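Student: Sending over a structure as structure tokens; questions will come in a sec.
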Amino acid sequence: MKSKQFLSYILPITKTITSQYSGTLEITWHNGKKHLNSKNANYSYGSLQNILKFGIEQIALQKVNSILVLGMGGGSVIETLRNDFNYTKSITAVEIDPVIIEIAATEFGISKNEHLKIHCLDALDFVKTDNEHYDVIIIDLFIDLSVPNQFLSESFWNHVLRLKSSKGDIIFNAAVNDSKSKTIQQLIGYLKTKIYKVNVFENVNNTNTLIILKSL
Ligand SMILES: C[S@@+](CC[C@H](N)C(=O)[O-])C[C@H]1O[C@@H](n2cnc3c(N)ncnc32)[C@H](O)[C@@H]1O
């Protein structure tokens, strides 16, 4: 075991980095694992990773050839897909924050390669202009504890639905606790008119609302 990893069982070791989008970011060793946190939220490799893992367990990955991740963060869902689900095919990741893309590479070993494309872009601009189709779309767009309003709008979701392959599924990390619950309920009502099945999981890991959308 590396010494930093060992020491982290006794005391948290933290490095802080300032980002124009998320304010102060922290890279913290906790119980032998490195996490990426914003001021109030775990962004990557902590509870967030477990929440998205629960989401992936709800879908069948066997026939999936392409995955789009909106909100790459430190890349923990990419690690989960590769290591826990042995998914080796294409992943396209979109992240607005160049500081976080750098952290993903230097702190967590997540950088572009033959099977991983990384776009440093606003996810809204990406979905408006992209023309690929994806078998799974994972939407995990937060600034600290909050999903920016534009990602709860029908126009954003119309673009997402356009990018989904005909049998594609979507995992949406919609909220922490009850934040924006009225808007989310309205969005769920809208999505139910557009896609075969909408499953809502509340209090995943005691905190998050996860929505799984399935095509026929
Ligand atoms: C909870 S973290 C994502 C964690 C990541 N899915 C993982 O598996 O480790 C949320 C991310 O959304 C990104 N984000 C927020 N607004 C965005 C936007 N408009 N476009 C793209 N990324 C955005 C943040 O910079 C942050 O890295």
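A note on labels: chains of the structure tokens are A, B, ... as shown, every chain counts residues from 1, and ligands are counted from 1 in their shown order.
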If the limit is 6 Å from any atom of ligand 1, counting only C-alpha atoms and all ligand atoms, which residues qualify? Return them as JSON, numbers by chain.
Tutor: {"A": [43, 44, 49, 71, 72, 73, 74, 75, 76, 77, 94, 95, 96, 97, 121, 122, 123, 140, 141, 142, 143]}
Student: Based on DSSP run over this structure's backbone, return all residues of range 67-185 of chain A in helix (DSSP H, G or I), as an mmCIF file with N, CA and C atoms, in the first residue's frame.
Tutor:
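Result written to part_16.cif:
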```cif
data_model
loop_
_atom_site.group_PDB
_atom_site.id
_atom_site.type_symbol
_atom_site.label_atom_id
_atom_site.label_comp_id
_atom_site.auth_asym_id
_atom_site.auth_seq_id
_atom_site.Cartn_x
_atom_site.Cartn_y
_atom_site.Cartn_z
ATOM 1 N N SER A 76 -14.990 8.916 -12.702
ATOM 2 C CA SER A 76 -15.188 7.685 -11.917
ATOM 3 C C SER A 76 -16.167 6.714 -12.588
ATOM 4 N N VAL A 77 -17.164 7.248 -13.337
ATOM 5 C CA VAL A 77 -18.083 6.313 -14.001
ATOM 6 C C VAL A 77 -17.363 5.570 -15.134
ATOM 7 N N ILE A 78 -16.347 6.208 -15.699
ATOM 8 C CA ILE A 78 -15.557 5.533 -16.745
ATOM 9 C C ILE A 78 -14.771 4.384 -16.097
ATOM 10 N N GLU A 79 -14.193 4.666 -14.928
ATOM 11 C CA GLU A 79 -13.483 3.606 -14.202
ATOM 12 C C GLU A 79 -14.432 2.455 -13.873
ATOM 13 N N THR A 80 -15.645 2.796 -13.416
ATOM 14 C CA THR A 80 -16.632 1.756 -13.078
ATOM 15 C C THR A 80 -16.974 0.911 -14.296
ATOM 16 N N LEU A 81 -17.236 1.591 -15.419
ATOM 17 C CA LEU A 81 -17.603 0.850 -16.645
ATOM 18 C C LEU A 81 -16.479 -0.086 -17.070
ATOM 19 N N ARG A 82 -15.260 0.428 -17.031
ATOM 20 C CA ARG A 82 -14.119 -0.385 -17.482
ATOM 21 C C ARG A 82 -13.806 -1.512 -16.495
ATOM 22 N N ASN A 83 -13.756 -1.199 -15.203
ATOM 23 C CA ASN A 83 -13.251 -2.177 -14.228
ATOM 24 C C ASN A 83 -14.334 -3.077 -13.652
ATOM 25 N N ASP A 84 -15.501 -2.521 -13.354
ATOM 26 C CA ASP A 84 -16.543 -3.334 -12.694
ATOM 27 C C ASP A 84 -17.443 -4.034 -13.702
ATOM 28 N N PRO A 98 -11.903 22.715 -18.013
ATOM 29 C CA PRO A 98 -10.575 22.191 -18.368
ATOM 30 C C PRO A 98 -9.748 21.799 -17.147
ATOM 31 N N VAL A 99 -9.997 22.459 -16.016
ATOM 32 C CA VAL A 99 -9.254 22.119 -14.786
ATOM 33 C C VAL A 99 -9.611 20.690 -14.363
ATOM 34 N N ILE A 100 -10.885 20.348 -14.491
ATOM 35 C CA ILE A 100 -11.320 19.000 -14.088
ATOM 36 C C ILE A 100 -10.794 17.953 -15.074
ATOM 37 N N ILE A 101 -10.764 18.301 -16.353
ATOM 38 C CA ILE A 101 -10.210 17.346 -17.334
ATOM 39 C C ILE A 101 -8.738 17.065 -17.002
ATOM 40 N N GLU A 102 -8.030 18.098 -16.590
ATOM 41 C CA GLU A 102 -6.620 17.941 -16.205
ATOM 42 C C GLU A 102 -6.500 17.071 -14.943
ATOM 43 N N ILE A 103 -7.396 17.311 -13.979
ATOM 44 C CA ILE A 103 -7.378 16.502 -12.746
ATOM 45 C C ILE A 103 -7.659 15.037 -13.072
ATOM 46 N N ALA A 104 -8.625 14.815 -13.985
ATOM 47 C CA ALA A 104 -8.951 13.426 -14.356
ATOM 48 C C ALA A 104 -7.705 12.719 -14.881
ATOM 49 N N ALA A 105 -6.915 13.457 -15.673
ATOM 50 C CA ALA A 105 -5.718 12.838 -16.263
ATOM 51 C C ALA A 105 -4.622 12.643 -15.228
ATOM 52 N N THR A 106 -4.306 13.717 -14.490
ATOM 53 C CA THR A 106 -3.111 13.643 -13.638
ATOM 54 C C THR A 106 -3.364 12.910 -12.324
ATOM 55 N N GLU A 107 -4.574 13.033 -11.781
ATOM 56 C CA GLU A 107 -4.843 12.413 -10.473
ATOM 57 C C GLU A 107 -5.488 11.033 -10.595
ATOM 58 N N PHE A 108 -6.228 10.817 -11.711
ATOM 59 C CA PHE A 108 -7.006 9.579 -11.785
ATOM 60 C C PHE A 108 -6.701 8.733 -13.033
ATOM 61 N N ALA A 123 -22.093 20.960 -22.168
ATOM 62 C CA ALA A 123 -22.916 19.828 -22.617
ATOM 63 C C ALA A 123 -24.115 20.285 -23.450
ATOM 64 N N LEU A 124 -24.610 21.479 -23.170
ATOM 65 C CA LEU A 124 -25.753 21.970 -23.949
ATOM 66 C C LEU A 124 -25.335 22.223 -25.397
ATOM 67 N N ASP A 125 -24.175 22.837 -25.584
ATOM 68 C CA ASP A 125 -23.674 23.067 -26.948
ATOM 69 C C ASP A 125 -23.397 21.725 -27.637
ATOM 70 N N PHE A 126 -22.859 20.788 -26.866
ATOM 71 C CA PHE A 126 -22.539 19.476 -27.453
ATOM 72 C C PHE A 126 -23.803 18.802 -27.987
ATOM 73 N N VAL A 127 -24.850 18.740 -27.154
ATOM 74 C CA VAL A 127 -26.045 18.003 -27.607
ATOM 75 C C VAL A 127 -26.743 18.714 -28.770
ATOM 76 N N LYS A 128 -26.580 20.037 -28.842
ATOM 77 C CA LYS A 128 -27.198 20.768 -29.955
ATOM 78 C C LYS A 128 -26.528 20.446 -31.287
ATOM 79 N N THR A 129 -25.225 20.165 -31.248
ATOM 80 C CA THR A 129 -24.481 20.046 -32.506
ATOM 81 C C THR A 129 -24.061 18.615 -32.860
ATOM 82 N N ASN A 149 -30.120 24.719 -14.360
ATOM 83 C CA ASN A 149 -31.513 24.688 -14.861
ATOM 84 C C ASN A 149 -31.646 24.233 -16.305
ATOM 85 N N GLN A 150 -30.675 24.599 -17.146
ATOM 86 C CA GLN A 150 -30.843 24.274 -18.574
ATOM 87 C C GLN A 150 -30.922 22.767 -18.809
ATOM 88 N N PHE A 151 -30.382 21.971 -17.839
ATOM 89 C CA PHE A 151 -30.399 20.521 -18.034
ATOM 90 C C PHE A 151 -31.700 19.878 -17.542
ATOM 91 N N LEU A 152 -32.608 20.735 -17.063
ATOM 92 C CA LEU A 152 -33.942 20.247 -16.688
ATOM 93 C C LEU A 152 -34.981 20.758 -17.679
ATOM 94 N N GLU A 154 -37.005 21.115 -21.406
ATOM 95 C CA GLU A 154 -37.456 20.210 -22.476
ATOM 96 C C GLU A 154 -36.541 20.308 -23.689
ATOM 97 N N SER A 155 -36.036 21.516 -23.980
ATOM 98 C CA SER A 155 -35.226 21.643 -25.204
ATOM 99 C C SER A 155 -33.922 20.840 -25.083
ATOM 100 N N PHE A 156 -33.282 20.856 -23.902
ATOM 101 C CA PHE A 156 -32.089 20.024 -23.706
ATOM 102 C C PHE A 156 -32.462 18.552 -23.898
ATOM 103 N N TRP A 157 -33.576 18.146 -23.299
ATOM 104 C CA TRP A 157 -33.959 16.727 -23.352
ATOM 105 C C TRP A 157 -34.356 16.287 -24.746
ATOM 106 N N ASN A 158 -34.932 17.190 -25.535
ATOM 107 C CA ASN A 158 -35.250 16.825 -26.924
ATOM 108 C C ASN A 158 -33.970 16.490 -27.690
ATOM 109 N N HIS A 159 -32.912 17.246 -27.433
ATOM 110 C CA HIS A 159 -31.630 16.936 -28.083
ATOM 111 C C HIS A 159 -31.080 15.603 -27.589
ATOM 112 N N VAL A 160 -31.159 15.367 -26.280
ATOM 113 C CA VAL A 160 -30.650 14.097 -25.732
ATOM 114 C C VAL A 160 -31.397 12.925 -26.366
ATOM 115 N N LEU A 161 -32.714 13.044 -26.474
ATOM 116 C CA LEU A 161 -33.506 11.944 -27.042
ATOM 117 C C LEU A 161 -33.145 11.721 -28.511
ATOM 118 N N ARG A 162 -32.784 12.792 -29.199
ATOM 119 C CA ARG A 162 -32.361 12.681 -30.604
ATOM 120 C C ARG A 162 -31.041 11.911 -30.715
ATOM 121 N N LEU A 163 -30.162 12.036 -29.699
ATOM 122 C CA LEU A 163 -28.839 11.388 -29.756
ATOM 123 C C LEU A 163 -28.867 9.928 -29.302
ATOM 124 N N SER A 181 -37.321 19.740 -6.862
ATOM 125 C CA SER A 181 -38.188 18.572 -7.063
ATOM 126 C C SER A 181 -39.384 18.882 -7.959
ATOM 127 N N LYS A 182 -39.918 20.119 -7.866
ATOM 128 C CA LYS A 182 -41.094 20.430 -8.691
ATOM 129 C C LYS A 182 -40.717 20.407 -10.182
ATOM 130 N N THR A 183 -39.591 21.030 -10.511
ATOM 131 C CA THR A 183 -39.151 21.046 -11.910
ATOM 132 C C THR A 183 -38.873 19.618 -12.388
ATOM 133 N N ILE A 184 -38.292 18.808 -11.504
ATOM 134 C CA ILE A 184 -37.974 17.430 -11.901
ATOM 135 C C ILE A 184 -39.258 16.627 -12.138
ATOM 136 N N GLN A 185 -40.264 16.847 -11.293
ATOM 137 C CA GLN A 185 -41.551 16.147 -11.501
ATOM 138 C C GLN A 185 -42.150 16.525 -12.856
#
```
Student: For Gly168 in chain A, please output as a PyMOL selection string all residues within 12 Å (counting only C-alpha atoms; exclusion window: fewer than 3 positions along the same chain).
Tutor: chain A and resi 59-61+63-68+133-138+160-165+171+195-197+212-216
Student: Under the rule that only C-alpha atoms are counted, which of A:His115, A:Leu145, A:Lys167, A:Phe201 is the nearest residue to Ser179 in chain A?
Tutor: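 Between A:His115, A:Leu145, A:Lys167, A:Phe201, the residue approaching Ser179 in chain A most closely is A:Leu145.
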Student: Between CA of Thr209 in chain A and CA of Asn177 in chain A, what is the distance in Å, rounded to a tenth?
Tutor: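 Calculated distance between CA of Thr209 in chain A and CA of Asn177 in chain A is 7.2 Å.
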Student: Per DSSP on the backbone, what are the strand (DSSP E) residues of chain A, as a PyMOL selection string?
Tutor: chain A and resi 13-19+23-30+33-37+42-44+66-70+90-95+116-120+134-139+164-176+197-204+208-214
Student: Check the smallest atom-to-atom distance from each of A:Asn50, A:Gln62, A:Gln186, A:Thr18 to Asn86 in chain A using only C-alpha atoms, then report the winner.
Tutor: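 Closest residue, counting only C-alpha atoms: A:Gln62.
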Student: Considering only C-alpha atoms, tabulate each residue of range 48-129 of chain A that lies at most 10 Å from range 204-207 of chain A along with its nearest interatomic pair and the corresponding distance in Å to one decimal; arrange the rows by chain and ascending residue number and present them as CSV.
Tutor:
```
residue,atom,partner,partner_atom,distance
A:Leu48,CA,A:Asn205,CA,8.6
A:Asn50,CA,A:Asn205,CA,7.5
A:Ile51,CA,A:Val204,CA,6.2
A:Leu52,CA,A:Val204,CA,9.3
A:Phe54,CA,A:Val204,CA,8.0
A:Gly55,CA,A:Val204,CA,9.2
```
Student: What is the distance between CA of Thr92 in chain A and CA of His119 in chain A, in Å to one decimal?
Tutor: 7.7 Å
Student: Report the distance between CA of Lys112 in chain A and CA of Ile211 in chain A in Å, rounded to one decimal place.
Tutor: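 Pair CA of Lys112 in chain A / CA of Ile211 in chain A returns 27.9 Å.
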Student: Which residues come within 9 Å of Asp144 in chain A, counting only C-alpha atoms, excluding same-chain residues fewer than 2 positions away, as a VMD selection string?
Tutor: chain A and resid 22 to 23 37 to 43 142 146 to 147
